[in-house]
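Have a look at start-v4.txt below; it lists compact mmCIF, C-alpha atoms.
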# COMPACT_ATOMS: atom_id res chain seq x y z
CA MET E 1 -113.47 -120.60 135.19
CA ASP E 2 -117.05 -121.15 136.36
CA THR E 3 -116.00 -120.40 139.96
CA ILE E 4 -114.33 -117.11 138.95
CA ALA E 5 -117.30 -116.13 136.78
CA SER E 6 -119.69 -116.74 139.68
CA LEU E 7 -117.82 -114.09 141.69
CA PHE E 8 -119.09 -111.50 139.20
CA SER E 9 -122.68 -112.75 139.24
CA PHE E 10 -123.74 -109.38 140.70
CA ILE E 11 -123.18 -107.79 137.30
CA THR E 12 -124.89 -110.48 135.22
CA THR E 13 -128.26 -108.71 135.39
CA PRO E 14 -127.04 -105.42 133.81
CA VAL E 15 -124.96 -107.33 131.24
CA SER E 16 -127.90 -109.56 130.29
CA TRP E 17 -130.19 -106.49 130.15
CA VAL E 18 -127.87 -104.72 127.69
CA ILE E 19 -127.65 -107.84 125.52
CA VAL E 20 -131.45 -108.22 125.52
CA GLN E 21 -131.93 -104.58 124.49
CA PHE E 22 -129.55 -104.95 121.55
CA HIS E 23 -131.18 -108.31 120.71
CA SER E 24 -134.60 -106.68 120.45
CA LEU E 25 -133.11 -104.26 117.89
CA TYR E 26 -131.22 -106.81 115.79
CA GLY E 27 -133.96 -109.42 116.20
CA ALA E 28 -136.34 -107.13 114.33
CA ILE E 29 -133.89 -107.13 111.41
CA PHE E 30 -132.47 -110.67 111.32
CA GLY E 31 -135.11 -112.59 113.30
CA PRO E 32 -135.13 -113.19 117.08
CA ASP E 33 -133.60 -116.70 116.86
CA SER E 34 -130.86 -115.71 114.41
CA GLY E 35 -127.21 -116.10 115.37
CA TRP E 36 -126.62 -112.69 113.81
CA ALA E 37 -129.08 -111.07 116.21
CA TRP E 38 -127.41 -112.59 119.29
CA GLY E 39 -123.87 -112.31 117.92
CA LEU E 40 -124.24 -108.63 117.00
CA SER E 41 -125.74 -108.01 120.45
CA ILE E 42 -122.49 -109.27 122.00
CA VAL E 43 -120.42 -107.18 119.57
CA SER E 44 -122.50 -104.10 120.48
CA LEU E 45 -121.94 -104.84 124.17
CA VAL E 46 -118.18 -104.76 123.54
CA VAL E 47 -118.39 -101.49 121.61
CA LEU E 48 -120.47 -99.88 124.37
CA ILE E 49 -118.02 -101.01 127.06
CA ARG E 50 -114.95 -99.90 125.11
CA ILE E 51 -116.43 -96.45 124.43
CA CYS E 52 -116.98 -96.05 128.17
CA LEU E 53 -113.37 -97.14 128.78
CA ILE E 54 -111.79 -94.56 126.44
CA PRO E 55 -110.80 -92.25 129.37
CA LEU E 56 -109.04 -95.21 131.00
CA PHE E 57 -107.32 -95.98 127.70
CA VAL E 58 -105.95 -92.43 127.60
CA LYS E 59 -104.63 -92.89 131.14
CA GLN E 60 -103.09 -96.19 130.07
CA ILE E 61 -101.19 -94.47 127.23
CA LYS E 62 -99.88 -91.75 129.55
CA ALA E 63 -98.90 -94.32 132.19
CA THR E 64 -97.10 -96.53 129.67
CA ARG E 65 -95.15 -93.58 128.25
CA GLY E 66 -94.40 -92.38 131.76
CA MET E 67 -93.02 -95.81 132.67
CA GLN E 68 -90.88 -95.85 129.53
CA ALA E 69 -89.44 -92.45 130.37
CA LEU E 70 -88.67 -93.55 133.95
CA GLN E 71 -86.85 -96.75 133.00
CA PRO E 72 -83.31 -95.24 133.05
CA LYS E 73 -83.93 -93.71 136.51
CA MET E 74 -85.47 -96.93 137.79
CA LYS E 75 -82.48 -98.91 136.56
CA ALA E 76 -80.11 -96.46 138.31
CA ILE E 77 -82.04 -96.90 141.60
CA GLN E 78 -81.89 -100.69 141.27
CA GLU E 79 -78.13 -100.62 140.72
CA ARG E 80 -77.53 -98.12 143.52
CA TYR E 81 -79.57 -100.02 146.13
CA LYS E 82 -79.20 -103.57 144.81
CA ASN E 83 -78.28 -104.81 148.29
CA ASP E 84 -81.05 -102.92 150.08
CA LYS E 85 -84.45 -104.01 148.75
CA GLN E 86 -86.41 -101.91 151.24
CA ARG E 87 -84.56 -98.70 150.35
CA GLN E 88 -84.91 -99.62 146.67
CA SER E 89 -88.68 -99.95 147.09
CA GLU E 90 -88.87 -96.64 148.97
CA GLU E 91 -86.92 -94.81 146.27
CA MET E 92 -89.14 -96.33 143.56
CA MET E 93 -92.29 -95.16 145.35
CA LYS E 94 -90.73 -91.72 145.78
CA LEU E 95 -89.96 -91.59 142.06
CA TYR E 96 -93.53 -92.56 141.17
CA LYS E 97 -94.89 -89.89 143.52
CA GLU E 98 -92.61 -87.13 142.18
CA THR E 99 -93.45 -87.88 138.55
CA GLY E 100 -97.15 -88.68 139.14
CA THR E 101 -96.75 -92.13 137.54
CA ASN E 102 -98.80 -95.15 138.57
CA PRO E 103 -97.60 -98.54 137.23
CA LEU E 104 -101.10 -100.01 137.64
CA SER E 105 -102.60 -97.41 135.28
CA SER E 106 -101.34 -99.39 132.28
CA CYS E 107 -103.59 -102.29 133.35
CA LEU E 108 -106.73 -100.23 134.02
CA PRO E 109 -108.67 -101.09 130.80
CA ILE E 110 -108.13 -104.84 131.31
CA ILE E 111 -109.02 -104.66 135.01
CA ALA E 112 -112.14 -102.57 134.33
CA GLN E 113 -113.25 -104.89 131.53
CA SER E 114 -112.77 -108.15 133.47
CA PRO E 115 -116.10 -108.05 135.40
CA PHE E 116 -118.06 -107.72 132.13
CA PHE E 117 -116.08 -110.52 130.54
CA PHE E 118 -116.72 -112.95 133.40
CA ALA E 119 -120.35 -111.84 133.70
CA LEU E 120 -120.89 -112.65 130.01
CA TYR E 121 -119.20 -116.02 130.54
CA HIS E 122 -121.58 -116.66 133.46
CA VAL E 123 -124.61 -115.73 131.30
CA LEU E 124 -123.55 -118.00 128.42
CA SER E 125 -122.77 -120.89 130.76
CA ALA E 126 -126.30 -120.60 132.20
CA ILE E 127 -127.75 -120.63 128.67
CA ALA E 128 -125.72 -123.76 127.85
CA ASN E 129 -127.13 -125.47 130.96
CA GLY E 130 -130.68 -124.39 130.12
CA GLN E 131 -130.99 -121.98 133.06
CA THR E 132 -132.60 -118.55 133.04
CA ILE E 133 -130.33 -115.78 134.30
CA GLY E 134 -130.63 -112.04 134.83
CA VAL E 135 -133.36 -110.67 132.57
CA ILE E 136 -133.10 -113.63 130.18
CA ASN E 137 -136.40 -115.45 130.73
CA GLN E 138 -137.46 -118.84 129.39
CA SER E 139 -138.48 -117.60 125.92
CA LEU E 140 -135.21 -115.68 125.48
CA LEU E 141 -133.31 -118.70 126.79
CA GLU E 142 -134.80 -120.93 124.11
CA SER E 143 -134.07 -118.32 121.46
CA ALA E 144 -130.43 -118.01 122.56
CA ARG E 145 -130.00 -121.81 122.57
CA GLN E 146 -131.23 -121.96 118.97
CA ALA E 147 -128.86 -119.17 117.83
CA HIS E 148 -125.85 -120.43 115.84
CA ILE E 149 -122.83 -118.61 114.42
CA PHE E 150 -121.54 -120.44 111.33
CA GLY E 151 -123.15 -123.61 112.68
CA ALA E 152 -121.84 -123.33 116.25
CA PRO E 153 -124.20 -122.46 119.14
CA LEU E 154 -123.36 -119.35 121.17
CA ALA E 155 -123.03 -121.40 124.36
CA ALA E 156 -120.92 -124.24 122.88
CA LYS E 157 -117.22 -124.75 123.76
CA PHE E 158 -114.34 -126.53 122.06
CA THR E 159 -114.11 -128.98 124.97
CA ASP E 160 -117.82 -129.92 124.86
CA SER E 161 -118.73 -133.51 124.19
CA ALA E 162 -120.63 -134.64 121.10
CA ALA E 163 -123.72 -135.19 123.24
CA LYS E 164 -123.54 -131.64 124.65
CA ALA E 165 -123.21 -130.19 121.15
CA ALA E 166 -126.14 -132.31 119.95
CA SER E 167 -128.28 -131.02 122.83
CA LEU E 168 -127.64 -127.50 121.50
CA GLY E 169 -128.59 -128.56 117.97
CA ALA E 170 -125.12 -128.77 116.42
CA SER E 171 -122.43 -131.28 115.51
CA ILE E 172 -119.19 -131.44 117.48
CA THR E 173 -117.22 -131.03 114.22
CA ASP E 174 -118.88 -127.67 113.45
CA VAL E 175 -118.34 -126.51 117.02
CA ARG E 176 -114.64 -127.36 117.04
CA ILE E 177 -113.93 -125.90 113.61
CA VAL E 178 -115.63 -122.59 114.45
CA THR E 179 -114.08 -122.32 117.93
CA ALA E 180 -110.60 -123.26 116.63
CA VAL E 181 -110.74 -120.59 113.92
CA MET E 182 -111.92 -117.98 116.42
CA ILE E 183 -109.22 -118.94 118.95
CA VAL E 184 -106.54 -118.59 116.26
CA LEU E 185 -107.91 -115.20 115.17
CA MET E 186 -108.11 -114.07 118.80
CA SER E 187 -104.48 -115.06 119.47
CA LEU E 188 -103.19 -113.55 116.21
CA SER E 189 -104.96 -110.24 116.83
CA GLN E 190 -103.47 -110.13 120.34
CA PHE E 191 -99.98 -110.88 118.96
CA TYR E 192 -100.25 -108.30 116.16
CA THR E 193 -101.44 -105.60 118.58
CA GLN E 194 -98.48 -106.18 120.90
CA ARG E 195 -96.01 -106.49 118.01
CA GLN E 196 -97.29 -103.24 116.48
CA LEU E 197 -96.65 -101.52 119.81
CA MET E 198 -93.11 -102.90 120.12
CA ALA E 199 -92.10 -102.37 116.50
CA LYS E 200 -93.36 -98.83 116.01
CA ASN E 201 -94.33 -97.10 119.26
CA VAL E 202 -91.43 -97.70 121.67
CA ASP E 203 -88.62 -95.21 122.27
CA LEU E 204 -85.71 -96.94 120.51
CA SER E 205 -83.12 -94.64 122.10
CA VAL E 206 -83.68 -96.19 125.55
CA LYS E 207 -82.71 -99.83 126.05
CA THR E 208 -84.24 -101.02 129.32
CA PRO E 209 -85.59 -104.21 130.95
CA PHE E 210 -89.09 -102.81 130.30
CA MET E 211 -88.64 -103.45 126.57
CA GLN E 212 -87.57 -107.04 127.22
CA GLN E 213 -90.65 -107.57 129.39
CA GLN E 214 -92.89 -106.22 126.63
CA LYS E 215 -91.27 -108.58 124.10
CA MET E 216 -91.93 -111.54 126.41
CA LEU E 217 -95.58 -110.50 126.83
CA MET E 218 -95.89 -110.29 123.04
CA TYR E 219 -95.46 -114.07 122.88
CA ILE E 220 -96.89 -115.09 126.26
CA PHE E 221 -100.31 -113.39 126.02
CA PRO E 222 -101.36 -115.06 122.73
CA LEU E 223 -100.39 -118.46 124.16
CA ILE E 224 -102.44 -117.79 127.31
CA PHE E 225 -105.46 -116.82 125.21
CA ALA E 226 -105.03 -119.89 123.02
CA VAL E 227 -104.95 -122.24 126.03
CA MET E 228 -107.83 -120.52 127.81
CA GLY E 229 -109.83 -120.15 124.60
CA ILE E 230 -110.74 -123.85 124.41
CA ASN E 231 -112.80 -123.32 127.57
CA PHE E 232 -114.59 -120.22 126.26
CA PRO E 233 -118.13 -120.46 124.81
CA VAL E 234 -118.51 -119.20 121.24
CA GLY E 235 -120.24 -116.05 122.54
CA VAL E 236 -117.25 -115.24 124.78
CA LEU E 237 -114.89 -115.82 121.85
CA VAL E 238 -116.98 -113.32 119.86
CA TYR E 239 -116.64 -110.89 122.77
CA TRP E 240 -112.86 -111.28 123.12
CA LEU E 241 -112.16 -111.25 119.37
CA THR E 242 -114.19 -108.05 119.05
CA THR E 243 -112.37 -106.36 121.92
CA ASN E 244 -108.99 -107.38 120.42
CA VAL E 245 -109.94 -105.89 117.05
CA TRP E 246 -111.13 -102.70 118.79
CA THR E 247 -107.85 -102.47 120.73
CA MET E 248 -105.83 -103.01 117.55
CA GLY E 249 -107.71 -100.27 115.68
CA GLN E 250 -107.59 -97.89 118.63
CA GLN E 251 -103.86 -98.43 119.00
CA MET E 252 -103.24 -97.90 115.28
CA TYR E 253 -105.03 -94.55 115.52
CA VAL E 254 -102.97 -93.46 118.55
CA ILE E 255 -99.69 -94.57 116.94
CA ASN E 256 -100.49 -92.62 113.75
CA GLN E 257 -101.78 -89.48 115.46
CA ASN E 258 -99.85 -89.26 118.74
CA PRO E 259 -96.77 -91.50 118.62
CA THR E 260 -94.33 -92.06 121.47
CA PRO E 261 -91.37 -89.61 121.36
CA GLY E 262 -88.24 -91.28 120.02
CA SER E 263 -90.13 -94.12 118.34
CA LYS E 264 -90.18 -95.22 114.71
CA ALA E 265 -93.82 -94.11 114.57
CA GLN E 266 -92.79 -90.58 115.60
CA ASP E 267 -90.20 -90.47 112.81
CA GLU E 268 -92.88 -91.50 110.29
CA TYR E 269 -95.36 -88.99 111.76
CA LEU E 270 -92.88 -86.09 111.58
CA THR E 271 -92.01 -87.04 107.99
CA ARG E 272 -95.70 -86.80 107.09
CA LEU E 273 -95.99 -83.55 109.04
CA LEU E 274 -93.00 -82.07 107.17
CA LYS E 275 -94.66 -82.96 103.86
CA HIS E 276 -97.89 -81.38 105.13
CA VAL E 277 -96.05 -78.14 106.03
CA SER E 278 -94.26 -78.09 102.66
CA THR E 279 -97.59 -78.39 100.86
CA HIS E 280 -99.66 -75.94 102.91
CA GLY E 281 -96.95 -73.58 104.15
CA ASN E 282 -98.21 -73.93 107.73
CA VAL E 283 -99.46 -76.42 110.30
CA LYS E 284 -103.18 -77.12 109.98
CA GLY E 285 -105.00 -78.85 112.82
CA ARG E 286 -104.98 -78.42 116.58
CA SER E 287 -103.36 -81.79 117.31
CA LYS E 288 -100.51 -81.13 114.86
CA LYS E 289 -99.88 -77.69 116.33
CA LYS E 290 -99.82 -79.19 119.79
CA ILE E 291 -97.09 -81.65 118.79
CA VAL E 292 -95.00 -78.94 117.08
CA ALA E 293 -95.35 -76.69 120.14
CA ALA E 294 -94.16 -79.54 122.39
CA ILE E 295 -91.11 -80.05 120.17
CA VAL E 296 -90.27 -76.32 120.27
CA ALA E 297 -90.65 -76.27 124.07
CA LYS E 298 -88.12 -79.10 124.50
CA GLY E 299 -85.29 -76.97 123.12
CA PRO E 300 -81.95 -78.82 123.41
CA ASP E 301 -83.70 -81.86 124.96
CA ARG E 302 -85.21 -82.91 121.62
CA ASN E 303 -84.64 -86.45 120.46
CA ASP E 304 -83.10 -87.38 117.09
CA ASN E 305 -86.46 -87.47 115.28
CA GLU E 306 -87.40 -84.01 116.53
CA ARG E 307 -83.99 -82.52 115.73
CA LYS E 308 -84.21 -83.93 112.21
CA PHE E 309 -87.66 -82.35 111.82
CA ILE E 310 -86.48 -78.90 112.99
CA THR E 311 -83.39 -79.12 110.74
CA ALA E 312 -85.53 -80.06 107.73
CA LEU E 313 -87.79 -77.05 108.41
CA THR E 314 -84.76 -74.76 108.58
CA LYS E 315 -83.46 -76.07 105.25
CA GLN E 316 -86.82 -75.16 103.73
CA GLY E 317 -86.49 -71.63 105.12
CA MET E 318 -89.08 -72.14 107.87
CA ALA E 319 -89.07 -71.91 111.64
CA ALA E 320 -91.38 -73.59 114.16
CA GLN E 321 -93.01 -71.22 116.65
CA ALA E 322 -93.92 -71.70 120.33
CA ASP E 323 -97.65 -71.79 119.51
CA GLY E 324 -97.16 -74.71 117.11
CA SER E 325 -97.38 -72.68 113.91
CA VAL E 326 -94.65 -72.50 111.27
CA MET E 327 -93.38 -69.31 109.65
CA LYS E 328 -90.81 -68.41 107.04
CA SER E 329 -87.47 -67.73 108.68
CA SER E 330 -87.43 -64.06 107.53
CA GLU E 331 -90.88 -63.46 109.01
CA ALA E 332 -89.89 -65.17 112.26
CA THR E 333 -86.79 -62.93 112.50
CA ALA E 334 -88.88 -59.81 111.84
CA ASP E 335 -91.35 -60.82 114.54
CA ALA E 336 -88.49 -61.39 116.99
CA ASP E 337 -87.07 -57.93 116.19
CA ALA E 338 -90.49 -56.34 116.66
CA ALA E 339 -90.91 -58.11 119.99
CA SER E 340 -87.55 -56.77 121.15
CA GLY E 341 -88.63 -53.15 120.55
CA GLY E 342 -88.43 -52.32 116.89
CA VAL E 343 -86.10 -52.74 113.97
CA ALA E 344 -82.87 -54.48 114.87
CA THR E 345 -79.93 -52.08 115.10
CA LYS E 346 -77.24 -52.59 112.51
CA ARG E 347 -73.70 -53.11 113.73
CA GLN E 348 -71.64 -49.96 113.22
CA GLN E 349 -68.78 -50.53 110.76
CA PRO E 350 -65.60 -48.48 111.33
CA LYS E 351 -65.03 -45.67 108.85
CA ARG E 352 -62.49 -46.39 106.15
CA GLN E 353 -59.40 -44.20 106.23
CA THR E 354 -58.03 -42.51 103.16
CA LYS E 355 -54.85 -43.85 101.55
CA SER E 356 -52.80 -40.83 102.71
CA LYS E 357 -53.87 -41.28 106.31
CA ARG E 358 -53.07 -44.99 106.22
CA GLN E 359 -49.55 -44.25 104.88
CA THR E 360 -48.80 -41.39 107.30
CA PRO E 361 -47.18 -42.74 110.49
CA PRO E 362 -48.72 -41.64 113.74
CA SER E 363 -47.12 -38.50 115.20
CA LYS E 364 -44.93 -38.94 118.24
CA PRO E 365 -45.71 -36.98 121.36
CA SER E 366 -43.42 -33.90 121.74
CA LYS E 367 -40.78 -33.89 124.48
CA LYS E 368 -40.82 -31.03 126.88

Would you mind writing the file's structure down as structure tokens?
Amino acid sequence: MDTIASLFSFITTPVSWVIVQFHSLYGAIFGPDSGWAWGLSIVSLVVLIRICLIPLFVKQIKATRGMQALQPKMKAIQERYKNDKQRQSEEMMKLYKETGTNPLSSCLPIIAQSPFFFALYHVLSAIANGQTIGVINQSLLESARQAHIFGAPLAAKFTDSAAKAASLGASITDVRIVTAVMIVLMSLSQFYTQRQLMAKNVDLSVKTPFMQQQKMLMYIFPLIFAVMGINFPVGVLVYWLTTNVWTMGQQMYVINQNPTPGSKAQDEYLTRLLKHVSTHGNVKGRSKKKIVAAIVAKGPDRNDNERKFITALTKQGMAAQADGSVMKSSEATADADAASGGVATKRQQPKRQTKSKRQTPPSKPSKK
């Protein structure tokens, strides 16, 4: 881990500078040597990084949904060219190019965040070894070494010896209890985030290998974090736990406001939207109108959730419009008639014949 972290030493100076700036703010409130001052500085670093990564998170959502939509086509290509791996690869790349999908986009937030993670690990390792690093001078180094979170120093690890913990002014028991609790919380938050995605925000109408892979990752990632976590300093555990909580909250917001088509979350969203329309008589909010407009534009390609939503609107005497608004069916019909050039023409009914005409047989043509 130390070798990998040293590869990102070029970014330790900006990371340490950001931490020091936040520390000067929180130090004025909690005291410069307080664990709260240093701990909140790390939390603020995470928040700052994640705000900057929001555009990448949006790309990640689009890429993940794009990959889900492509799974049936990808499976067909694999079956068609199962004996020709090169042709299979070429067809896959062609499919990605045609649809504008990049499989690596789903990993962008993690890849972009990795340098900051390892740089922070490098900074905390230097503090544990009593070395100045970046903009952290000797006085800040001593302050950071005195900072404890629930009795555990920021630079202490679960695997540290009793002597190492004592050199940082703590007992090995406190260090291991705090780190163990944080590792468990870190793993559980990772598991819940992935489980939330699989349970509510996956298109259930498409059964593909992609879903099986996601289920495997749901169990593998927490185990990886648990194993690696024993080698993380307390400060890094604070960092990773904070970023997991941020990801969980961010994902909950996306699932509630912009769910994946065909998912359980979309069914729940459209149920809430139907209730909203029933109460207000229209769709209020740009994001809601955008979703309704997308459903209208799909036409016969709507999934079961969307068809159920349109049917429920019809039963309530309403019709969704192309701009995302909702109108009463009579008003929508009148607007359609007006758009076609005026009042709709009524079908001409044949004139009723009198009883005498109905009983009189038709006259035969005269012979010449």

Write out as a Markdown table a residue-level contact list of stretch 118-160 of chain E versus stretch 181-189 of chain E with cut-off 12 Å: for each qualifying residue the closest pair of atoms and the distance in Å to one decimal, counting all atoms listed in the file, rows sorted by chain and residue number upward.
| residue | atom | partner | partner_atom | distance |
| --- | --- | --- | --- | --- |
| E:Ile149 | CA | E:Met182 | CA | 11.1 |
| E:Phe150 | CA | E:Val181 | CA | 11.1 |
| E:Ala152 | CA | E:Met182 | CA | 11.3 |
| E:Lys157 | CA | E:Ile183 | CA | 11.0 |
| E:Phe158 | CA | E:Ile183 | CA | 9.7 |

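Between atom CA of E:Pro233 and atom CA of E:Gly130 there is a distance of 14.2 Å.
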
### Query
Suppose you want the space between atom CA of E:Gln321 and atom CA of E:Lys290; what is it in Å?
10.9 Å

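Atom CA of E:Val227 lies 19.2 Å from atom CA of E:Thr173.
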
### Query
Using all atoms listed in the file, can you list as a PyMOL selection string the residues within 12 Å of (-130.6, -117.0, 132.5)?
chain E and resi 9+12-13+15-17+19-20+119-145+155
